[in-house]
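Take a look at the structure set out below.
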Amino acid sequence: GTVFQIQSAQQLYDTTLFVDPLVVPLDKFDAGFGRPTLGHIVDDIVWYTYSDSVSRRYDRETEQWIICQSSPMLGGNTSVSATKIDDGNAGGLLTTSVVLGDAIQYPYAGLGIVLAANYSSLEMDLSSMTAFSFEAQGTGVLRVRFESNMLEDVGGNRHYTYLLELEDSWQTVQITPESLQLLPYDAGIAHDYPWSVTSSSINRIEFEFLHEENTIGDTLHFECDNMVFHGVRLEEFVEIR
């Protein structure tokens, strides 16, 4: 089996990564945008961007961004750009810009991160998570969505979501399981598939601007840094043998 060299990962990416066994950094953006901090230990965790016009993902083999889907059938013209910039303290942060287009009735755009121990499982167990936190600033209303394989099997594109009204100054966002809503809401699904159940099969986290909460034509900004899971052990993401 695979042996993860914890000490070398520590030296290369973050000397404090494993100090607290119940705090797992997802991405600090110091090494760029595409392969996150945790992705240097778990190969298949990568970022992607998407909209009603085109979707791109980071290819860890070529270390390049590639188009994984264009959506000519949708006919959208929403734009999304995301890149790492220096934070002024010898580190990095992510800056994202979205302009919701006017070509279709329900424009959308966002960025997401694949959570996968390997391509065969394509999910993570976040049932022990007490919070997901990050620093953020920007404009508009952002949906932070935890997508579950279990809920995808039910259909209807229902997922546990946190609505974040971005501010023009930095704020610490702490998303707890209690603060998540099932959107779109369905009382029956919420009863049969509470977070305590669906959180065992999370495959992606997405950060999305939708027309419902934002104005078409506006330029929306999302800057973030220091994405961290609380209450989750590293062993949930990597199998150490």
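Within each chain, counting starts at residue 1; across the structure tokens, chains are named A, B, ... in the order shown, with ligands numbered 1 upward in that order.
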
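Near A:Gly217, within a cut-off of 12 Å and counting only C-alpha atoms, sit the residues A:Asn77, A:Thr78, A:Ser79, A:Val98, A:Val99, A:Leu100, A:Gly101, A:Asp102, A:Ala103, A:Pro107, A:Tyr108, A:Gly140, A:Leu210, A:His211, with same-chain residues fewer than 4 positions away left out.
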
Wanna dump the stretch 72-153 of chain A-stretch 21-36 of chain A contacts at 10 Å for me, each residue with its shortest atom pair and the distance in Å to one decimal, counting only C-alpha atoms, ordered by chain and number, as CSV?
residue,atom,partner,partner_atom,distance
A:Ala82,CA,A:Phe33,CA,8.0
A:Thr83,CA,A:Phe33,CA,6.0
A:Lys84,CA,A:Phe33,CA,5.4
A:Ile85,CA,A:Gly32,CA,8.0
A:Asp86,CA,A:Asp30,CA,8.1
A:Asp87,CA,A:Asp30,CA,8.9
A:Ala90,CA,A:Asp30,CA,8.1
A:Gly91,CA,A:Asp30,CA,4.9
A:Gly92,CA,A:Asp30,CA,4.4
A:Leu93,CA,A:Phe29,CA,5.3
A:Leu94,CA,A:Phe29,CA,6.5
A:Thr95,CA,A:Phe33,CA,9.6
A:Ile113,CA,A:Pro36,CA,8.8
A:Leu115,CA,A:Leu26,CA,9.8
A:Ser128,CA,A:Leu22,CA,9.6
A:Met129,CA,A:Leu22,CA,9.0
A:Thr130,CA,A:Leu22,CA,9.6
A:Ala131,CA,A:Val23,CA,9.8
A:Phe132,CA,A:Leu26,CA,9.5
A:Ser133,CA,A:Pro25,CA,9.5
A:Phe134,CA,A:Lys28,CA,9.3

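You will find atom CA of A:Gly231 at 15.9 Å from atom CA of A:Val173.
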
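Taking only stretch 150-189 of chain A, the residues that DSSP calls alpha helix (DSSP H) from the backbone come to A:Met150, A:Leu151, A:Glu152, A:Asp153, A:Val154, A:Ala187, A:Gly188, A:Ile189.
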
Item checked: Residue with smallest distance to A:Ser200 - pool A:Leu163, A:Cys68, A:Leu182, A:Leu126, counting only C-alpha atoms -> A:Leu126

Next item on the list: For A:Ile205, work out the shell of residues within 10 Å, counting only C-alpha atoms and skipping chain neighbours fewer than 2 positions away, then give it as JSON, numbers by chain.
Entry: {"A": [47, 111, 112, 113, 114, 115, 144, 145, 146, 147, 148, 161, 202, 203, 207, 208]}

Using only N, CA, C and O atoms, please write the residues we just selected to a file, as a PDB file, in the first residue's frame.
ATOM      1  N   TRP A  47      -8.917  21.706  -7.589  1.00  0.00           N
ATOM      2  CA  TRP A  47      -9.903  22.753  -7.802  1.00  0.00           C
ATOM      3  C   TRP A  47     -10.439  22.717  -9.235  1.00  0.00           C
ATOM      4  O   TRP A  47      -9.780  22.210 -10.140  1.00  0.00           O
ATOM      5  N   LEU A 111     -16.677  28.183  -8.241  1.00  0.00           N
ATOM      6  CA  LEU A 111     -15.513  27.319  -8.199  1.00  0.00           C
ATOM      7  C   LEU A 111     -15.772  26.223  -7.185  1.00  0.00           C
ATOM      8  O   LEU A 111     -16.581  26.385  -6.265  1.00  0.00           O
ATOM      9  N   GLY A 112     -15.105  25.103  -7.388  1.00  0.00           N
ATOM     10  CA  GLY A 112     -15.326  23.976  -6.496  1.00  0.00           C
ATOM     11  C   GLY A 112     -14.053  23.197  -6.297  1.00  0.00           C
ATOM     12  O   GLY A 112     -13.058  23.383  -7.010  1.00  0.00           O
ATOM     13  N   ILE A 113     -14.097  22.323  -5.327  1.00  0.00           N
ATOM     14  CA  ILE A 113     -12.939  21.482  -5.031  1.00  0.00           C
ATOM     15  C   ILE A 113     -13.414  20.045  -4.866  1.00  0.00           C
ATOM     16  O   ILE A 113     -14.388  19.768  -4.172  1.00  0.00           O
ATOM     17  N   VAL A 114     -12.757  19.153  -5.589  1.00  0.00           N
ATOM     18  CA  VAL A 114     -13.084  17.730  -5.518  1.00  0.00           C
ATOM     19  C   VAL A 114     -12.504  17.165  -4.232  1.00  0.00           C
ATOM     20  O   VAL A 114     -11.320  17.360  -3.939  1.00  0.00           O
ATOM     21  N   LEU A 115     -13.325  16.478  -3.456  1.00  0.00           N
ATOM     22  CA  LEU A 115     -12.841  15.797  -2.254  1.00  0.00           C
ATOM     23  C   LEU A 115     -12.859  14.305  -2.530  1.00  0.00           C
ATOM     24  O   LEU A 115     -13.926  13.702  -2.626  1.00  0.00           O
ATOM     25  N   VAL A 144     -22.156  28.469  -0.375  1.00  0.00           N
ATOM     26  CA  VAL A 144     -21.138  27.461  -0.083  1.00  0.00           C
ATOM     27  C   VAL A 144     -21.882  26.141   0.076  1.00  0.00           C
ATOM     28  O   VAL A 144     -22.687  25.980   0.988  1.00  0.00           O
ATOM     29  N   ARG A 145     -21.636  25.211  -0.831  1.00  0.00           N
ATOM     30  CA  ARG A 145     -22.454  24.012  -0.915  1.00  0.00           C
ATOM     31  C   ARG A 145     -21.606  22.753  -0.744  1.00  0.00           C
ATOM     32  O   ARG A 145     -20.582  22.584  -1.400  1.00  0.00           O
ATOM     33  N   PHE A 146     -22.047  21.879   0.153  1.00  0.00           N
ATOM     34  CA  PHE A 146     -21.414  20.578   0.368  1.00  0.00           C
ATOM     35  C   PHE A 146     -22.214  19.538  -0.413  1.00  0.00           C
ATOM     36  O   PHE A 146     -23.344  19.226  -0.042  1.00  0.00           O
ATOM     37  N   GLU A 147     -21.635  19.029  -1.478  1.00  0.00           N
ATOM     38  CA  GLU A 147     -22.370  18.108  -2.344  1.00  0.00           C
ATOM     39  C   GLU A 147     -22.119  16.669  -1.907  1.00  0.00           C
ATOM     40  O   GLU A 147     -20.980  16.261  -1.676  1.00  0.00           O
ATOM     41  N   SER A 148     -23.206  15.919  -1.816  1.00  0.00           N
ATOM     42  CA  SER A 148     -23.168  14.561  -1.271  1.00  0.00           C
ATOM     43  C   SER A 148     -23.577  13.542  -2.331  1.00  0.00           C
ATOM     44  O   SER A 148     -24.579  13.728  -3.026  1.00  0.00           O
ATOM     45  N   THR A 161     -26.251  23.677   2.256  1.00  0.00           N
ATOM     46  CA  THR A 161     -25.719  24.938   1.745  1.00  0.00           C
ATOM     47  C   THR A 161     -25.669  25.994   2.838  1.00  0.00           C
ATOM     48  O   THR A 161     -26.512  26.012   3.738  1.00  0.00           O
ATOM     49  N   ILE A 202     -19.467  13.161   1.220  1.00  0.00           N
ATOM     50  CA  ILE A 202     -19.285  14.453   0.556  1.00  0.00           C
ATOM     51  C   ILE A 202     -18.243  14.316  -0.549  1.00  0.00           C
ATOM     52  O   ILE A 202     -17.128  13.852  -0.311  1.00  0.00           O
ATOM     53  N   ASN A 203     -18.613  14.730  -1.768  1.00  0.00           N
ATOM     54  CA  ASN A 203     -17.685  14.587  -2.892  1.00  0.00           C
ATOM     55  C   ASN A 203     -17.098  15.908  -3.367  1.00  0.00           C
ATOM     56  O   ASN A 203     -16.061  15.929  -4.015  1.00  0.00           O
ATOM     57  N   PHE A 207     -18.431  26.919  -4.305  1.00  0.00           N
ATOM     58  CA  PHE A 207     -18.632  28.316  -3.916  1.00  0.00           C
ATOM     59  C   PHE A 207     -19.242  29.002  -5.135  1.00  0.00           C
ATOM     60  O   PHE A 207     -18.551  29.244  -6.123  1.00  0.00           O
ATOM     61  N   GLU A 208     -20.531  29.306  -5.063  1.00  0.00           N
ATOM     62  CA  GLU A 208     -21.280  29.635  -6.277  1.00  0.00           C
ATOM     63  C   GLU A 208     -22.053  30.937  -6.150  1.00  0.00           C
ATOM     64  O   GLU A 208     -22.677  31.214  -5.128  1.00  0.00           O
TER      65      GLU A 208
END

Notebook entry, point to check: Using only C-alpha atoms, which residues sit within 6 Å of A:His221 once same-chain residues fewer than 3 positions away are excluded, as a VMD selection string?
Noted result: chain A and resid 96 to 97 138 to 139

Residues from last step as file, C-alpha atoms, as a PDB file, in the first residue's frame:
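Once written, again36.pdb looks like this:
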ATOM      1  CA  THR A  96     -12.254  35.251  -7.915  1.00  0.00           C
ATOM      2  CA  SER A  97     -14.262  37.451 -10.252  1.00  0.00           C
ATOM      3  CA  GLY A 138     -15.939  40.407  -1.573  1.00  0.00           C
ATOM      4  CA  THR A 139     -19.270  41.480  -3.029  1.00  0.00           C
TER       5      THR A 139
END

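With only C-alpha atoms as the atoms that count, the residue of A:Pro177, A:Ile41, A:Gly75, A:Leu122 with the shortest distance to A:Glu235 is A:Ile41.
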
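Compared by their closest atoms to A:Tyr48, and using only C-alpha atoms, the residues A:Met124, A:Ala187, A:Ala109, A:Leu151 rank with A:Ala109 nearest.
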
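Among the candidates A:Ile67, A:Ala136, A:Leu142, A:Leu166, the one nearest to A:Glu212 when counting only C-alpha atoms is A:Leu142.
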
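Going from atom CA of A:Tyr193 over to atom CA of A:Met150, you cover 8.2 Å.
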